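Colleague: File name final.txt; file contents compact mmCIF, C-alpha atoms; full text below.
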# COMPACT_ATOMS: atom_id res chain seq x y z
CA MET A 682 68.72 109.48 92.90
CA ASP A 683 68.01 112.74 94.65
CA GLN A 684 66.17 112.48 97.91
CA LEU A 685 63.72 114.83 99.34
CA HIS A 686 64.94 117.42 101.71
CA ARG A 687 62.80 116.84 104.72
CA GLN A 688 62.22 118.98 107.69
CA ALA A 689 61.87 116.48 110.49
CA SER A 690 58.85 116.90 112.71
CA GLN A 691 61.17 116.64 115.69
CA GLY A 692 61.32 120.38 115.96
CA ARG A 693 63.93 121.56 113.50
CA SER A 694 63.05 125.03 112.30
CA LYS A 695 61.73 125.35 108.81
CA GLN A 696 63.52 127.46 106.27
CA THR A 697 62.62 128.76 102.93
CA GLY A 698 65.53 128.40 100.60
CA GLY A 699 69.15 128.12 101.52
CA ASN A 700 70.92 125.51 103.46
CA SER A 701 68.96 124.09 106.32
CA GLY A 702 71.37 121.53 107.49
CA ASN A 703 73.04 118.35 106.47
CA ASN A 704 70.36 116.86 104.25
CA ALA A 705 70.32 116.11 100.58
CA PRO A 706 69.01 118.74 98.17
CA ALA A 707 65.28 118.97 97.65
CA GLN A 708 63.82 117.48 94.52
CA SER A 709 62.11 119.80 92.12
CA LEU A 710 58.37 119.19 92.20
CA GLY A 711 55.60 120.52 90.06
CA ASN A 712 52.65 118.60 91.42
CA SER A 713 51.50 119.11 94.99
CA GLU A 714 49.76 115.74 95.17
CA LEU A 715 52.86 113.97 94.02
CA ALA A 716 54.76 116.05 96.55
CA GLU A 717 52.58 114.75 99.35
CA VAL A 718 53.05 111.15 98.29
CA LEU A 719 56.81 111.54 98.03
CA LEU A 720 57.02 113.32 101.35
CA GLU A 721 55.14 110.55 103.05
CA GLN A 722 57.41 108.00 101.49
CA ALA A 723 60.48 109.84 102.62
CA ALA A 724 59.11 110.28 106.10
CA ARG A 725 58.37 106.57 106.46
CA GLU A 726 61.88 105.78 105.31
CA GLU A 727 63.14 107.99 108.11
CA GLY A 728 61.05 106.21 110.67
CA VAL A 729 58.31 108.76 111.15
CA ASP A 730 55.13 107.03 112.33
CA ASP A 731 51.62 107.47 110.88
CA ASN A 732 50.51 109.86 113.63
CA GLN A 733 53.30 112.21 112.87
CA LEU A 734 52.52 111.95 109.20
CA LEU A 735 48.90 112.80 109.78
CA PHE A 736 49.32 115.59 112.27
CA GLY A 737 52.93 116.70 112.37
CA THR A 738 53.73 117.61 108.82
CA HIS A 739 52.29 119.40 105.91
CA PRO A 740 53.76 120.04 102.49
CA ASP A 741 53.64 123.76 103.20
CA GLN A 742 56.20 123.23 105.88
CA PHE A 743 58.72 121.91 103.44
CA TRP A 744 60.90 123.77 101.04
CA PHE A 745 60.66 122.73 97.44
CA ALA A 746 63.32 123.58 95.00
CA GLU A 747 61.84 125.25 91.97
CA ASP A 748 62.99 124.26 88.54
CA GLY A 749 66.19 126.06 87.69
CA ASP A 750 67.16 126.69 91.29
CA ASP A 751 70.81 126.28 91.97
CA ASP A 752 70.81 124.20 95.08
CA SER A 753 74.26 124.25 96.60
CA THR A 754 73.14 123.05 99.96
CA THR A 755 75.26 119.96 100.10
CA THR A 756 78.15 120.29 102.47
CA THR A 757 81.06 117.97 101.94
CA THR A 758 83.44 116.91 104.62
CA ARG A 759 86.93 118.18 103.94
CA ARG A 760 89.63 115.57 103.90
CA THR A 761 93.33 115.83 104.43
CA GLN A 762 95.95 113.87 102.55
CA GLU A 763 97.13 110.60 104.00
CA GLU A 764 100.81 111.18 103.32
CA GLU A 765 102.78 113.32 105.68
CA LEU A 766 103.21 116.86 104.39
CA PRO A 767 106.53 117.50 102.65
CA GLY A 768 109.20 119.01 104.83
CA LEU A 769 110.04 122.67 104.44
CA ARG A 770 113.46 124.10 103.71
CA PRO A 771 115.64 124.05 106.83
CA LYS A 772 115.58 127.85 107.06
CA HIS A 773 111.79 127.73 107.01
CA GLU A 774 111.37 125.32 109.90
CA GLY A 775 108.71 126.72 112.15
CA LYS A 776 106.62 128.12 109.34
CA GLU A 777 103.16 126.68 109.30
CA TYR A 778 100.96 124.98 106.82
CA GLU A 779 97.58 126.60 106.24
CA ASP A 780 94.54 125.08 104.60
CA PHE A 781 93.50 127.16 101.62
CA GLU A 782 89.82 126.34 101.98
CA ASN A 783 88.94 128.94 99.38
CA GLY A 784 91.36 127.37 96.94
CA THR A 785 90.46 125.57 93.77
CA ALA A 786 92.63 124.09 91.08
CA PHE A 787 91.71 126.43 88.22
CA VAL A 788 90.34 129.95 88.02
CA LYS A 789 90.01 131.85 84.76
CA GLY A 790 91.65 135.25 84.99
CA ALA A 791 89.84 138.26 83.59
CA ASN A 792 92.19 138.64 80.63
CA ASP A 793 92.94 134.98 80.10
CA ASP A 794 91.60 132.82 77.30
CA HIS A 795 91.68 129.77 79.48
CA ALA A 796 91.61 128.98 83.19
CA VAL A 797 95.14 127.60 82.91
CA ALA A 798 97.43 130.38 81.73
CA ALA A 799 101.18 130.83 81.66
CA ASN A 800 100.86 133.95 83.78
CA ASP A 801 99.31 131.96 86.65
CA VAL A 802 102.71 130.93 87.95
CA LYS A 803 104.68 132.76 90.63
CA GLN A 804 107.88 131.38 92.04
CA GLY A 805 108.35 131.73 95.79
CA ALA A 806 111.16 131.23 98.28
CA LEU A 807 112.45 128.10 96.61
CA GLY A 808 115.07 127.57 93.93
CA ASP A 809 112.75 125.65 91.62
CA CYS A 810 112.70 128.10 88.74
CA TYR A 811 113.15 125.13 86.39
CA LEU A 812 109.80 123.75 87.56
CA ILE A 813 107.91 127.03 87.61
CA ALA A 814 109.22 128.04 84.18
CA GLY A 815 108.38 124.56 82.92
CA MET A 816 104.82 124.85 84.19
CA ALA A 817 104.46 128.19 82.43
CA ALA A 818 105.82 126.71 79.22
CA VAL A 819 103.42 123.77 79.24
CA ALA A 820 100.50 126.03 80.12
CA ARG A 821 101.41 128.27 77.19
CA ALA A 822 101.76 125.35 74.79
CA ASP A 823 98.51 123.61 75.76
CA PRO A 824 96.52 124.45 78.89
CA LYS A 825 94.73 121.11 78.67
CA LEU A 826 97.99 119.32 79.44
CA ILE A 827 97.98 120.97 82.84
CA GLU A 828 94.27 120.41 83.36
CA LYS A 829 94.72 116.71 82.78
CA LEU A 830 97.17 116.51 85.64
CA ILE A 831 94.82 117.61 88.40
CA LYS A 832 91.51 116.18 89.54
CA ASP A 833 89.62 118.10 92.17
CA ASN A 834 88.02 115.61 94.54
CA GLY A 835 85.71 118.29 95.89
CA ASP A 836 86.72 117.66 99.48
CA GLY A 837 89.88 119.71 99.80
CA THR A 838 92.06 117.06 98.19
CA TYR A 839 93.37 116.77 94.68
CA ASP A 840 94.71 113.85 92.70
CA VAL A 841 97.81 115.22 91.00
CA SER A 842 99.63 113.21 88.35
CA LEU A 843 103.20 113.48 87.14
CA TYR A 844 105.20 111.44 84.68
CA ILE A 845 108.12 109.77 86.38
CA ARG A 846 110.69 107.30 85.14
CA PRO A 847 111.23 104.32 87.43
CA HIS A 848 114.91 104.53 86.47
CA ARG A 849 117.02 106.52 84.05
CA ARG A 850 116.52 104.15 81.14
CA GLY A 851 112.87 103.56 81.78
CA TYR A 852 109.90 105.28 80.19
CA PRO A 853 107.99 107.94 82.07
CA ARG A 854 104.90 106.57 83.76
CA ARG A 855 101.93 108.47 85.06
CA VAL A 856 102.02 108.45 88.86
CA THR A 857 99.22 110.00 90.88
CA LYS A 858 99.35 111.30 94.42
CA THR A 859 96.56 112.78 96.49
CA VAL A 860 97.48 116.08 98.09
CA ASP A 861 95.33 118.45 100.08
CA SER A 862 95.10 122.23 99.91
CA ARG A 863 97.40 122.89 102.82
CA LEU A 864 100.35 125.03 101.78
CA ALA A 865 103.24 126.43 103.78
CA VAL A 866 102.67 130.14 104.41
CA LYS A 867 104.59 133.23 105.31
CA TYR A 868 103.61 135.50 108.19
CA SER A 869 101.44 137.37 105.71
CA GLY A 870 99.39 134.23 105.14
CA LYS A 871 100.48 134.03 101.52
CA PRO A 872 102.05 130.86 100.15
CA LEU A 873 105.74 130.56 100.99
CA TYR A 874 106.63 128.73 97.83
CA ALA A 875 104.70 128.74 94.54
CA GLY A 876 102.07 131.45 94.77
CA ALA A 877 98.37 131.42 94.04
CA GLY A 878 97.20 132.32 90.57
CA ASP A 879 94.00 134.12 89.64
CA LYS A 880 91.31 135.10 92.10
CA GLU A 881 87.61 135.24 91.32
CA ASP A 882 84.46 135.15 93.44
CA GLY A 883 86.44 134.44 96.58
CA LYS A 884 88.26 131.50 95.01
CA VAL A 885 92.04 131.36 94.56
CA GLU A 886 93.78 129.33 91.91
CA LEU A 887 96.20 126.70 93.20
CA TRP A 888 97.22 124.51 90.28
CA SER A 889 100.88 125.50 90.18
CA ALA A 890 101.21 125.30 93.97
CA LEU A 891 99.58 121.86 93.92
CA ILE A 892 101.95 120.58 91.25
CA GLU A 893 104.95 121.98 93.12
CA LYS A 894 103.71 120.37 96.33
CA THR A 895 103.27 117.05 94.57
CA VAL A 896 106.81 117.14 93.22
CA ALA A 897 108.01 117.89 96.77
CA GLN A 898 105.79 115.07 98.03
CA HIS A 899 107.59 112.61 95.76
CA LYS A 900 110.85 113.61 97.40
CA ASP A 901 109.48 114.19 100.91
CA SER A 902 110.57 117.81 101.12
CA TYR A 903 110.58 121.12 99.32
CA ASP A 904 114.29 121.49 99.94
CA SER A 905 114.98 118.36 97.92
CA ILE A 906 113.46 119.92 94.79
CA SER A 907 115.54 123.07 94.99
CA GLY A 908 117.89 123.43 92.07
CA SER A 909 119.96 120.43 91.14
CA LYS A 910 118.73 118.48 94.16
CA ILE A 911 115.71 117.44 92.11
CA GLY A 912 117.68 114.73 90.36
CA LYS A 913 119.27 113.28 93.47
CA ASP A 914 118.41 110.56 96.01
CA GLY A 915 117.03 108.10 93.51
CA PHE A 916 114.58 110.41 91.74
CA THR A 917 115.02 110.35 87.99
CA TYR A 918 114.49 113.84 86.63
CA SER A 919 114.64 114.26 82.88
CA GLY A 920 113.28 117.73 82.46
CA THR A 921 110.11 119.49 83.51
CA ASN A 922 108.48 119.06 80.11
CA GLU A 923 108.67 115.31 80.54
CA LEU A 924 107.59 115.50 84.19
CA LEU A 925 104.40 117.29 83.22
CA THR A 926 103.56 115.78 79.83
CA GLY A 927 105.24 112.38 79.68
CA LYS A 928 106.94 113.37 76.44
CA ILE A 929 110.69 113.37 76.17
CA GLU A 930 112.37 116.75 76.19
CA ASN A 931 114.91 117.71 73.57
CA TYR A 932 117.95 119.61 74.80
CA PHE A 933 119.91 122.01 72.60
CA SER A 934 123.07 123.78 73.69
CA THR A 935 123.36 127.31 72.37
CA ASP A 936 127.15 126.99 72.32
CA ASN A 937 126.96 125.65 68.78
CA MET A 938 124.27 127.99 67.53
CA ASP A 939 124.22 131.42 66.03
CA SER A 940 121.54 133.86 67.06
CA ASP A 941 119.30 133.25 64.02
CA GLU A 942 119.23 129.54 64.63
CA ALA A 943 118.43 129.96 68.30
CA LEU A 944 115.52 132.28 67.61
CA LEU A 945 114.22 130.00 64.87
CA TRP A 946 114.21 127.01 67.22
CA ILE A 947 112.25 128.95 69.82
CA ASP A 948 109.87 130.40 67.27
CA LEU A 949 109.18 127.00 65.76
CA ALA A 950 108.50 125.46 69.16
CA LEU A 951 106.06 128.21 70.07
CA GLU A 952 104.35 128.02 66.67
CA GLU A 953 103.88 124.28 66.95
CA GLY A 954 102.60 124.47 70.51
CA ASN A 955 105.53 122.70 72.09
CA PRO A 956 106.63 123.70 75.59
CA VAL A 957 109.95 125.53 75.52
CA THR A 958 112.20 126.72 78.32
CA THR A 959 115.71 128.07 78.53
CA SER A 960 118.33 128.57 81.26
CA THR A 961 121.00 131.16 81.74
CA ARG A 962 124.70 130.64 82.12
CA ASN A 963 126.60 131.24 85.34
CA LEU A 964 128.78 134.28 84.80
CA LYS A 965 128.59 135.81 88.27
CA GLU A 966 132.36 136.17 88.42
CA ASP A 967 132.12 138.86 85.79
CA GLU A 968 130.78 141.91 87.60
CA ASP A 969 130.34 144.00 84.46
CA LEU A 970 128.53 141.27 82.58
CA THR A 971 126.35 140.57 85.62
CA ARG A 972 125.33 144.22 85.85
CA GLU A 973 124.73 144.30 82.11
CA ALA A 974 122.56 141.19 82.14
CA ASN A 975 120.68 142.05 85.33
CA ALA A 976 119.80 145.43 83.82
CA LYS A 977 117.85 143.47 81.19
CA ASN A 978 116.25 141.23 83.82
CA VAL A 979 118.51 138.37 82.84
CA TYR A 980 119.76 136.61 85.95
CA TRP A 981 122.35 133.84 86.04
CA ASN A 982 121.44 130.29 87.07
CA HIS A 983 117.80 130.95 86.31
CA ALA A 984 115.22 129.37 84.04
CA TYR A 985 112.83 131.26 81.77
CA ALA A 986 109.94 130.41 79.48
CA PRO A 987 110.12 132.10 76.06
CA MET A 988 106.89 133.93 75.24
CA SER A 989 107.35 135.18 71.70
CA VAL A 990 109.90 135.76 68.95
CA ASP A 991 110.06 138.64 66.51
CA LEU A 992 112.06 137.24 63.62
CA ASP A 993 112.11 140.56 61.77
CA ALA A 994 113.51 142.44 64.74
CA GLU A 995 115.54 139.38 65.75
CA THR A 996 114.41 139.59 69.35
CA VAL A 997 112.79 137.32 71.90
CA ASP A 998 110.58 137.96 74.94
CA LEU A 999 111.01 135.64 77.92
CA GLN A 1000 108.82 135.03 80.94
CA ASN A 1001 110.53 135.16 84.30
CA PRO A 1002 109.00 132.51 86.62
CA TRP A 1003 108.93 135.11 89.40
CA GLY A 1004 105.81 136.50 87.75
CA SER A 1005 107.55 139.82 87.18
CA SER A 1006 110.81 141.18 85.73
CA HIS A 1007 110.21 139.56 82.36
CA VAL A 1008 112.78 139.97 79.61
CA GLU A 1009 111.57 142.14 76.76
CA SER A 1010 112.91 142.35 73.24
CA LEU A 1011 116.22 140.65 73.96
CA SER A 1012 118.38 140.53 70.87
CA GLY A 1013 119.34 137.16 69.43
CA GLU A 1014 122.99 138.00 70.03
CA ASP A 1015 122.35 138.63 73.70
CA PHE A 1016 120.24 135.52 73.91
CA ILE A 1017 123.07 133.19 72.96
CA LYS A 1018 125.46 135.22 75.09
CA TYR A 1019 123.35 134.90 78.22
CA TYR A 1020 121.44 131.62 77.76
CA ARG A 1021 123.13 128.24 77.57
CA ASN A 1022 120.37 125.98 76.30
CA ILE A 1023 116.94 125.59 74.78
CA ARG A 1024 114.71 122.78 76.00
CA ILE A 1025 111.78 121.80 73.80
CA GLY A 1026 109.12 119.34 74.81
CA GLY A 1027 107.47 116.87 72.47
CA MET B 247 112.38 141.49 111.81
CA ILE B 248 115.09 139.83 109.78
CA GLU B 249 114.44 138.22 106.40
CA GLU B 250 116.68 136.23 104.14
CA ILE B 251 116.27 135.92 100.38
CA ASP B 252 118.12 133.37 98.29
CA GLU B 253 119.60 134.08 94.90
CA THR B 254 117.07 133.92 92.02
CA THR B 255 114.15 133.33 94.38
CA VAL B 256 111.38 135.58 95.61
CA GLY B 257 111.49 136.69 99.21
CA ASP B 258 108.91 138.34 101.38
CA LEU B 259 109.64 141.60 103.14
CA ASP B 260 106.74 142.04 105.51
CA GLY B 261 104.19 140.90 102.98
CA VAL B 262 105.82 142.39 99.90
CA ARG B 263 107.28 140.06 97.27
CA VAL B 264 110.88 141.02 96.55
CA PRO B 265 112.94 138.90 94.16
CA MET B 266 116.69 138.72 94.46
CA GLY B 267 118.66 138.44 91.24
CA ASN B 268 122.31 137.54 91.40
CA VAL B 269 125.15 137.82 93.86
CA THR B 270 128.51 139.09 92.66
CA THR B 271 131.31 141.36 93.84
CA GLY B 272 131.37 145.03 93.14
CA ALA B 273 130.78 148.59 94.23
CA TYR B 274 127.68 149.85 95.98
CA THR B 275 126.52 153.01 97.73
CA LEU B 276 125.79 153.43 101.43
CA PRO B 277 123.03 155.69 102.80
CA ASP B 278 125.57 158.41 103.59
CA GLY B 279 126.61 158.51 99.95
CA THR B 280 129.95 156.80 100.36
CA THR B 281 130.93 153.98 98.07
CA ARG B 282 132.10 150.62 99.28
CA ARG B 283 133.28 147.52 97.50
CA GLY B 284 132.31 144.00 98.46
CA ASP B 285 129.77 141.23 97.93
CA ILE B 286 126.64 142.66 96.34
CA CYS B 287 123.30 141.42 95.12
CA SER B 288 120.48 142.81 93.02
CA LEU B 289 117.12 143.31 94.69
CA VAL B 290 114.13 143.95 92.48
CA LEU B 291 111.96 146.36 94.41
CA PRO B 292 108.25 146.91 93.70
CA ASP B 293 107.54 149.31 90.88
CA GLN B 294 111.09 149.07 89.60
CA ARG B 295 111.80 147.47 86.28
CA VAL B 296 115.27 146.22 87.15
CA GLY B 297 117.12 145.42 90.34
CA VAL B 298 119.26 147.68 92.46
CA PHE B 299 122.64 146.42 93.67
CA VAL B 300 123.11 146.48 97.41
CA GLY B 301 125.72 145.34 99.90
CA ALA B 302 126.16 145.21 103.65
CA GLY B 303 125.05 148.53 105.10
CA SER B 304 122.86 149.50 102.17
CA GLU B 305 119.29 150.53 102.79
CA VAL B 306 116.27 150.09 100.57
CA VAL B 307 112.70 151.28 100.95
CA VAL B 308 109.99 148.75 100.26
CA GLU B 309 106.53 150.26 100.15
CA GLY B 310 107.48 152.95 102.59
CA VAL B 311 109.38 150.68 104.96
CA ARG B 312 113.15 150.88 105.33
CA TRP B 313 115.24 147.73 105.31
CA ARG B 314 118.95 147.53 106.02
CA VAL B 315 121.16 144.95 104.37
CA LEU B 316 122.95 143.04 107.09
CA ALA B 317 124.99 140.76 104.91
CA VAL B 318 125.32 139.38 101.40
CA ASP B 319 126.52 135.81 101.21
CA ASN B 320 128.51 135.00 98.09
CA PRO B 321 129.64 131.37 98.34
CA THR B 322 132.17 129.91 95.97
CA ASP B 323 129.76 127.10 95.27
CA GLY B 324 125.99 127.26 95.17
CA LEU B 325 123.49 130.07 95.46
CA GLY B 326 124.09 133.20 97.46
CA SER B 327 121.71 135.05 99.72
CA VAL B 328 121.01 138.39 101.37
CA ARG B 329 119.84 139.13 104.89
CA LEU B 330 117.88 142.28 105.62
CA GLN B 331 116.60 143.83 108.80
CA LYS B 332 113.51 145.98 109.01
CA VAL B 333 114.47 149.42 110.24
CA ASP B 334 111.16 151.25 110.40
Translate this file's structure into structure tokens.
Modeller:
Amino acid sequence: MDQLHRQASQGRSKQTGGNSGNNAPAQSLGNSELAEVLLEQAAREEGVDDNQLLFGTHPDQFWFAEDGDDDSTTTTTRRTQEEELPGLRPKHEGKEYEDFENGTAFVKGANDDHAVAANDVKQGALGDCYLIAGMAAVARADPKLIEKLIKDNGDGTYDVSLYIRPHRRGYPRRVTKTVDSRLAVKYSGKPLYAGAGDKEDGKVELWSALIEKTVAQHKDSYDSISGSKIGKDGFTYSGTNELLTGKIENYFSTDNMDSDEALLWIDLALEEGNPVTTSTRNLKEDEDLTREANAKNVYWNHAYAPMSVDLDAETVDLQNPWGSSHVESLSGEDFIKYYRNIRIGG
Amino acid sequence: MIEEIDETTVGDLDGVRVPMGNVTTGAYTLPDGTTRRGDICSLVLPDQRVGVFVGAGSEVVVEGVRWRVLAVDNPTDGLGSVRLQKVD
């Protein structure tokens, strides 16, 4: 039950409106007599004696919240996570963690339909394109799946859940860790790894950075989630779709597909709201092919999240987890030439 | 200031996000116009749609600031990297 905001008669200055300290929000009152009774009651509860009540206070000295007032006067103590922060990549030793006090899990971008959007993700100085692309894919398929993973505790910490198998043959189970809003930063003060998403009213969106941090937390370091390291040291990794949704991911090699089939699979997945990602081959040895692919923003050993398919034109658009350099109107023929698989979540 | 960017990740050149594409071997152009052959990588500079291939000795301008490529690492196994030094 709300308690009355009381200006103690011990000499604290009175204020009209705004935050006057560390007390609970004032109760909305519409009856001055009732106000006096309640004030007296509150004062007695705080140990104020009768003399002070008679001579030291008056309802006019107190601030009353009017109906409809937005009283955001409560200050909450910020907490930090209990677990040690995940280690940084060896080349980043010495970089600092910074508390993103203005961070919040979700912020709706101006052109977004939902607070969680595929374009919120931005890969940083870590080889976890598989994770960033996977987050974009799940966000595109169903933003609520991402929302369900993060609970804002309102004190600078977040409960972040992932679906992890206890062993390779086990079923994914929802495992929750509490992480705080401290992120490793570059000299510029921007996140070193997964970047912030939308910004609005002084708030910055952190959901993808929080999920990345939580994955690193499970393995004690960011370095251990770079590339193929994610599935090592006892951590069972069965695809980012499964990690984020708990549903098993279906893997299709494009080696046995023609271009029509590949585009149809992607189109169907997008139509049905299933997360879909794809990874490129490793053809770096071929300089000409590398130049050809890079000119289309296709980079080897990299994961992408398909955005749309044009079956008439036989082309596909793919989101680059960098947040830029997306692939536009790639032909189906080039798709199966450059990309080695299609991963579709349940 | 020296910065290193790993293959397929996004680096930071004095506050500017610069992704690095792939590392391979090939020809590239030095600031004096001469052509050299060696380990190269594609850097995706701001306001450019696709990456530019650079090698040791190349220079790029990132939001008005010149950076020189010190080395491109092209390992036989694993991801490559590029090291750049701020010139201006």
Colleague: Could you state the separation of atom CA of Val306 of chain B and atom CA of Gly775 of chain A in Å, given to one decimal place?
Modeller: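 The value is 27.2 Å.
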Colleague: Take atom CA of Val856 of chain A and atom CA of Thr958 of chain A and report the distance between them in Å, one decimal.
Modeller: 23.4 Å
Colleague: Which of these, A:Thr857, A:Asn975, A:Ser862, A:Ser919, has the shortest distance to chain B once you count all atoms listed in the file?
Modeller: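 Ranked by minimum distance to chain B, first place goes to A:Asn975.
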Colleague: Distance limit 10 Å, atoms considered: only C-alpha atoms. Which chain A residues sit that close to chain B? Return them as a VMD selection string.
Modeller: chain A and resid 772 803 to 810 867 to 871 873 to 875 908 to 909 963 to 969 971 to 972 974 to 984 1002 to 1007
Colleague: Please provide as number ranges by chain all residues within 8 Å of Pro956 of chain A, with the sequence filter that same-chain residues fewer than 5 positions apart are discarded (counting all atoms listed in the file).
Modeller: A: 815, 818-822, 922, 950-951, 1025-1027
Colleague: Quick check, in Å to one decimal: how far apart do atom CA of Arg770 of chain A and atom CA of Asp904 of chain A lie?
Modeller: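 Result for atom CA of Arg770 of chain A versus atom CA of Asp904 of chain A: 4.7 Å, one decimal.
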Colleague: Fewer than 3 positions away in the same chain doesn't count, so skip those; otherwise give me all residues within 8 Å of segment 836-844 of chain A, counting all atoms listed in the file, as an MDAnalysis selection string.
Modeller: chainID A and resid 757:762 782 830:833 853:862 891:892 895:896 923:927
Colleague: Write to file, as a short mmCIF file (atom, residue, chain, number, x, y, z; two decimals), in the coordinates of the input, the residues of the selection just made, with C-alpha atoms.
Modeller:
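So the final result, stored in result07.cif, reads:
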data_model
loop_
_atom_site.label_atom_id
_atom_site.label_comp_id
_atom_site.auth_asym_id
_atom_site.auth_seq_id
_atom_site.Cartn_x
_atom_site.Cartn_y
_atom_site.Cartn_z
CA THR A 757 81.06 117.97 101.94
CA THR A 758 83.44 116.91 104.62
CA ARG A 759 86.93 118.18 103.94
CA ARG A 760 89.63 115.57 103.90
CA THR A 761 93.33 115.83 104.43
CA GLN A 762 95.95 113.87 102.55
CA GLU A 782 89.82 126.34 101.98
CA LEU A 830 97.17 116.51 85.64
CA ILE A 831 94.82 117.61 88.40
CA LYS A 832 91.51 116.18 89.54
CA ASP A 833 89.62 118.10 92.17
CA PRO A 853 107.99 107.94 82.07
CA ARG A 854 104.90 106.57 83.76
CA ARG A 855 101.93 108.47 85.06
CA VAL A 856 102.02 108.45 88.86
CA THR A 857 99.22 110.00 90.88
CA LYS A 858 99.35 111.30 94.42
CA THR A 859 96.56 112.78 96.49
CA VAL A 860 97.48 116.08 98.09
CA ASP A 861 95.33 118.45 100.08
CA SER A 862 95.10 122.23 99.91
CA LEU A 891 99.58 121.86 93.92
CA ILE A 892 101.95 120.58 91.25
CA THR A 895 103.27 117.05 94.57
CA VAL A 896 106.81 117.14 93.22
CA GLU A 923 108.67 115.31 80.54
CA LEU A 924 107.59 115.50 84.19
CA LEU A 925 104.40 117.29 83.22
CA THR A 926 103.56 115.78 79.83
CA GLY A 927 105.24 112.38 79.68
#
Colleague: Write out as a PyMOL selection string the residues lying within 10 Å of Ile248 of chain B, counting all atoms listed in the file and excluding same-chain residues fewer than 3 positions away.
Modeller: chain B and resi 259-260+313-316+329-333
Colleague: Enclose the full set of atoms of segment 294-306 of chain B listed in the file within a box whose edges lie along x, y and z, apply 3 Å of padding to each of the six sides, and report centre and edge lengths in Å to one decimal as AutoDock Vina command-line options.
Modeller:
--center_x 118.6 --center_y 147.9 --center_z 95.7 --size_x 21.1 --size_y 11.3 --size_z 24.8
Colleague: As a list in words, please: the residues near Asp334 of chain B (cut-off 9 Å, only C-alpha atoms, same-chain neighbours under 5 positions excluded).
Modeller: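 Residues meeting the cut-off are Gly310, Val311, Arg312 and Trp313 of chain B.
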